[in-house]
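Trainee: Here you go, this is work-v1.txt (compact mmCIF, C-alpha atoms).
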# COMPACT_ATOMS: atom_id res chain seq x y z
CA MET A 26 -22.57 -24.79 -26.55
CA LYS A 27 -22.98 -21.14 -25.48
CA LYS A 28 -24.02 -22.28 -21.99
CA LEU A 29 -20.92 -24.50 -21.74
CA ASN A 30 -18.62 -21.63 -22.80
CA LEU A 31 -20.33 -19.31 -20.30
CA LEU A 32 -19.96 -21.88 -17.52
CA ILE A 33 -16.26 -22.38 -18.30
CA GLY A 34 -15.75 -18.59 -18.34
CA ILE A 35 -17.45 -18.19 -14.96
CA LEU A 36 -15.35 -21.01 -13.44
CA ILE A 37 -12.09 -19.51 -14.71
CA PHE A 38 -13.07 -16.07 -13.39
CA GLY A 39 -14.06 -17.55 -10.03
CA PHE A 40 -10.76 -19.41 -9.60
CA THR A 41 -8.80 -16.28 -10.54
CA VAL A 42 -10.61 -14.13 -7.95
CA LEU A 43 -10.28 -16.76 -5.21
CA SER A 44 -6.55 -17.19 -5.78
CA CYS A 45 -5.78 -13.51 -5.01
CA SER A 46 -5.46 -12.33 -1.43
CA SER A 47 -4.35 -9.01 0.09
CA ASP A 48 -2.67 -10.91 2.97
CA ASP A 49 -0.28 -12.47 0.46
CA ASP A 50 0.63 -9.01 -0.86
CA ASN A 51 1.55 -7.71 2.61
CA LYS A 52 3.78 -10.71 3.35
CA THR A 53 5.52 -10.29 0.00
CA GLU A 54 6.26 -6.60 0.75
CA GLU A 55 7.84 -7.38 4.15
CA THR A 56 9.81 -10.29 2.77
CA SER A 57 11.07 -8.26 -0.16
CA LYS A 58 12.46 -5.47 2.07
CA GLN A 59 14.39 -8.05 4.06
CA GLU A 60 15.54 -9.90 0.95
CA LEU A 61 16.58 -6.63 -0.70
CA LEU A 62 18.63 -5.60 2.34
CA VAL A 63 20.67 -8.81 2.46
CA GLY A 64 23.93 -8.36 0.55
CA LYS A 65 27.11 -6.31 0.39
CA TRP A 66 26.76 -2.55 -0.12
CA LYS A 67 29.44 0.00 -1.16
CA LYS A 68 29.40 3.39 0.58
CA VAL A 69 29.04 6.09 -2.06
CA ARG A 70 27.69 9.25 -0.42
CA ILE A 71 26.71 11.11 2.71
CA GLY A 72 23.69 13.37 2.88
CA VAL A 73 21.29 15.36 5.04
CA VAL A 74 17.52 15.66 4.79
CA CYS A 75 16.27 18.79 6.57
CA SER A 76 12.92 18.88 8.37
CA SER A 77 11.71 21.19 5.58
CA GLY A 78 12.30 18.34 3.12
CA THR A 79 15.34 19.82 1.38
CA GLU A 80 18.15 17.36 0.81
CA THR A 81 21.85 17.81 0.16
CA SER A 82 24.46 15.15 -0.40
CA GLU A 83 28.01 14.73 -1.55
CA GLU A 84 29.82 11.80 -3.07
CA TYR A 85 32.46 10.09 -0.96
CA SER A 86 36.11 10.20 -2.00
CA ALA A 87 37.50 7.20 -3.89
CA CYS A 88 39.10 5.99 -0.66
CA LYS A 89 35.92 6.14 1.42
CA GLN A 90 34.07 4.34 -1.38
CA ASN A 91 36.16 1.26 -0.53
CA GLY A 92 34.02 1.08 2.64
CA SER A 93 31.14 -1.34 2.77
CA ILE A 94 28.39 -2.76 4.91
CA THR A 95 27.22 -6.34 4.61
CA PHE A 96 23.81 -7.45 5.85
CA ASN A 97 23.71 -11.22 6.28
CA ALA A 98 20.57 -13.35 6.05
CA ASP A 99 21.16 -14.58 9.64
CA GLY A 100 20.44 -11.07 11.02
CA THR A 101 24.06 -9.95 11.47
CA TYR A 102 25.94 -7.13 9.78
CA VAL A 103 29.55 -6.01 9.32
CA ASP A 104 30.43 -2.35 8.64
CA ILE A 105 33.96 -1.63 7.33
CA PRO A 106 34.84 2.07 6.83
CA TYR A 107 37.94 3.37 5.04
CA VAL A 108 39.80 6.66 5.60
CA GLN A 109 42.69 8.50 4.00
CA TYR A 110 45.70 8.58 6.34
CA ASN A 111 49.15 9.90 5.29
CA ASN A 112 48.41 9.31 1.60
CA ASP A 113 47.25 5.75 2.31
CA CYS A 114 43.70 4.47 2.15
CA ILE A 115 43.22 2.24 5.21
CA ILE A 116 40.47 0.39 7.02
CA ASP A 117 39.23 2.46 9.97
CA GLY A 118 38.05 -0.29 12.30
CA GLN A 119 35.12 -2.62 11.92
CA THR A 120 31.65 -2.63 13.48
CA ASN A 121 29.72 -5.86 13.97
CA GLY A 122 26.11 -6.05 14.98
CA THR A 123 22.65 -7.43 14.41
CA TRP A 124 19.63 -6.21 12.48
CA GLU A 125 15.94 -7.03 12.45
CA PHE A 126 12.58 -5.71 11.31
CA VAL A 127 10.02 -4.75 13.96
CA ASP A 128 6.63 -3.57 12.68
CA ASN A 129 8.15 -3.16 9.20
CA GLU A 130 10.87 -0.79 10.52
CA LEU A 131 14.60 -1.58 10.45
CA TYR A 132 16.43 -1.74 13.78
CA ILE A 133 20.16 -2.32 14.27
CA LYS A 134 22.30 -3.05 17.31
CA GLU A 135 26.07 -2.89 17.56
CA ILE A 136 27.56 -5.85 19.43
CA GLU A 137 28.62 -3.60 22.33
CA ALA A 138 25.21 -1.84 22.55
CA THR A 139 22.50 -2.84 25.00
CA SER A 140 19.46 -1.91 22.92
CA LEU A 141 18.19 -1.73 19.35
CA THR A 142 18.35 1.56 17.45
CA LYS A 143 15.64 2.42 14.93
CA VAL A 144 16.98 3.46 11.54
CA THR A 145 15.15 6.77 11.00
CA LEU A 146 15.67 6.81 7.23
CA PHE A 147 15.53 3.44 5.50
CA GLU A 148 15.11 3.15 1.75
CA VAL A 149 16.10 0.04 -0.14
CA SER A 150 15.76 -1.10 -3.73
CA LYS A 151 17.53 -3.70 -5.81
CA ASN A 152 20.65 -1.53 -6.27
CA THR A 153 20.47 1.36 -3.79
CA LEU A 154 20.25 1.73 -0.03
CA LYS A 155 19.92 4.74 2.32
CA LEU A 156 20.42 4.41 6.07
CA GLY A 157 20.04 7.44 8.30
CA GLY A 158 19.49 8.70 11.80
CA ASP A 159 18.46 11.88 13.58
CA SER A 160 20.97 14.71 13.50
CA ASP A 161 21.24 18.36 14.49
CA PRO A 162 18.72 20.72 12.87
CA CYS A 163 19.66 22.32 9.58
CA ASP A 164 20.51 26.03 9.73
CA GLY A 165 17.50 28.08 10.75
CA GLU A 166 15.26 25.08 11.54
CA ASP A 167 14.04 23.86 14.91
CA SER A 168 13.31 20.20 14.14
CA PRO A 169 16.05 17.56 13.84
CA SER A 170 17.36 16.68 10.43
CA ILE A 171 18.34 13.20 9.23
CA GLU A 172 21.92 12.43 8.27
CA TYR A 173 22.25 9.39 6.01
CA LEU A 174 24.72 7.23 4.14
CA GLY A 175 23.98 6.18 0.58
CA TYR A 176 25.08 2.81 -0.79
CA THR A 177 25.08 0.86 -4.04
CA ARG A 178 24.90 -2.93 -4.14
CA ILE A 179 28.18 -4.78 -4.73
CA GLU A 180 26.90 -8.35 -4.28
Hey, can you dump this file as structure tokens for me?

Mentor:
Amino acid sequence: MKKLNLLIGILIFGFTVLSCSSDDDNKTEETSKQELLVGKWKKVRIGVVCSSGTETSEEYSACKQNGSITFNADGTYVDIPYVQYNNDCIIDGQTNGTWEFVDNELYIKEIEATSLTKVTLFEVSKNTLKLGGDSDPCDGEDSPSIEYLGYTRIE
């Protein structure tokens, strides 16, 4: 009986080890970034990350927080900003474009653009998103800083 229990234990252990694979984990990570990005995001803040690592940000006004960006599963996006104009909160145009992942990095392209632009700062979770690009250096620094927009998920 002990030999039978030992044999069953070894078989169960063997099947468990064989069913795990590091390749599966890498595919899940890539897929999850893309799946997390898809949705509608509300603009909530603007910030700067200096080359020294210091970060400052400020919350958008209630009007600007009406702005959103939607990343669709088909690789397209729509960005709708809002601004305050003569005491009215109005849509300030609309930007359409495409997005894709290349070597696990996010790239976007406005419809009118001729090439993809790498998103320098890209952080995404279930409920938050940061998208940023290179900007002028912070005061007293030589290296470029990164200006970003912060979002929370709406849908």

Trainee: With only C-alpha atoms as the basis for distance, which of A:Asp113, A:Asp104, A:Asp99, A:Asp161 is at the shortest distance from A:Ala87?

Mentor: A:Asp113

Trainee: Might you pull out every residue within 6 Å of stretch 68-75 of chain A, with all atoms listed in the file counted and same-chain residues fewer than 6 positions away left off, and present them as a list in words?

Mentor: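 Listed by chain and then number, they are Thr81, Ser82, Glu83, Glu84, Tyr85, Gln90, Gly92, Ser93, Cys163, Ser170, Ile171, Glu172, Tyr173, Leu174, Gly175 and Tyr176 of chain A.
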
Trainee: What is the atom CA of A:Lys143-atom CA of A:Glu130 distance in Å, reported with one decimal?

Mentor: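 If I compute the distance from atom CA of A:Lys143 to atom CA of A:Glu130, I get 7.2 Å.
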
Trainee: If I take atom CA of A:Gly157 and atom CA of A:Glu80, how far is one from the other in Å, to one decimal?

Mentor: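 Separating atom CA of A:Gly157 from atom CA of A:Glu80 is a distance of 12.6 Å.
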
Trainee: Counting all atoms listed in the file, figure out which residue out of A:Thr177, A:Ser168, A:Ser140, A:Lys58 gets nearest to A:Ala98.

Mentor: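 So, comparing all the options, the nearest one is A:Lys58.
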
Trainee: I'd like the interatomic distance between atom CA of A:Gly158 and atom CA of A:Ser57, to a tenth of an Å.

Mentor: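 Value for the atom CA of A:Gly158-atom CA of A:Ser57 distance: 22.4 Å.
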
Trainee: Calculated over all atoms listed in the file, which of the candidates A:Leu62, A:Ala138, A:Glu166, A:Ile179 has the smallest distance to A:Gly78?

Mentor: A:Glu166
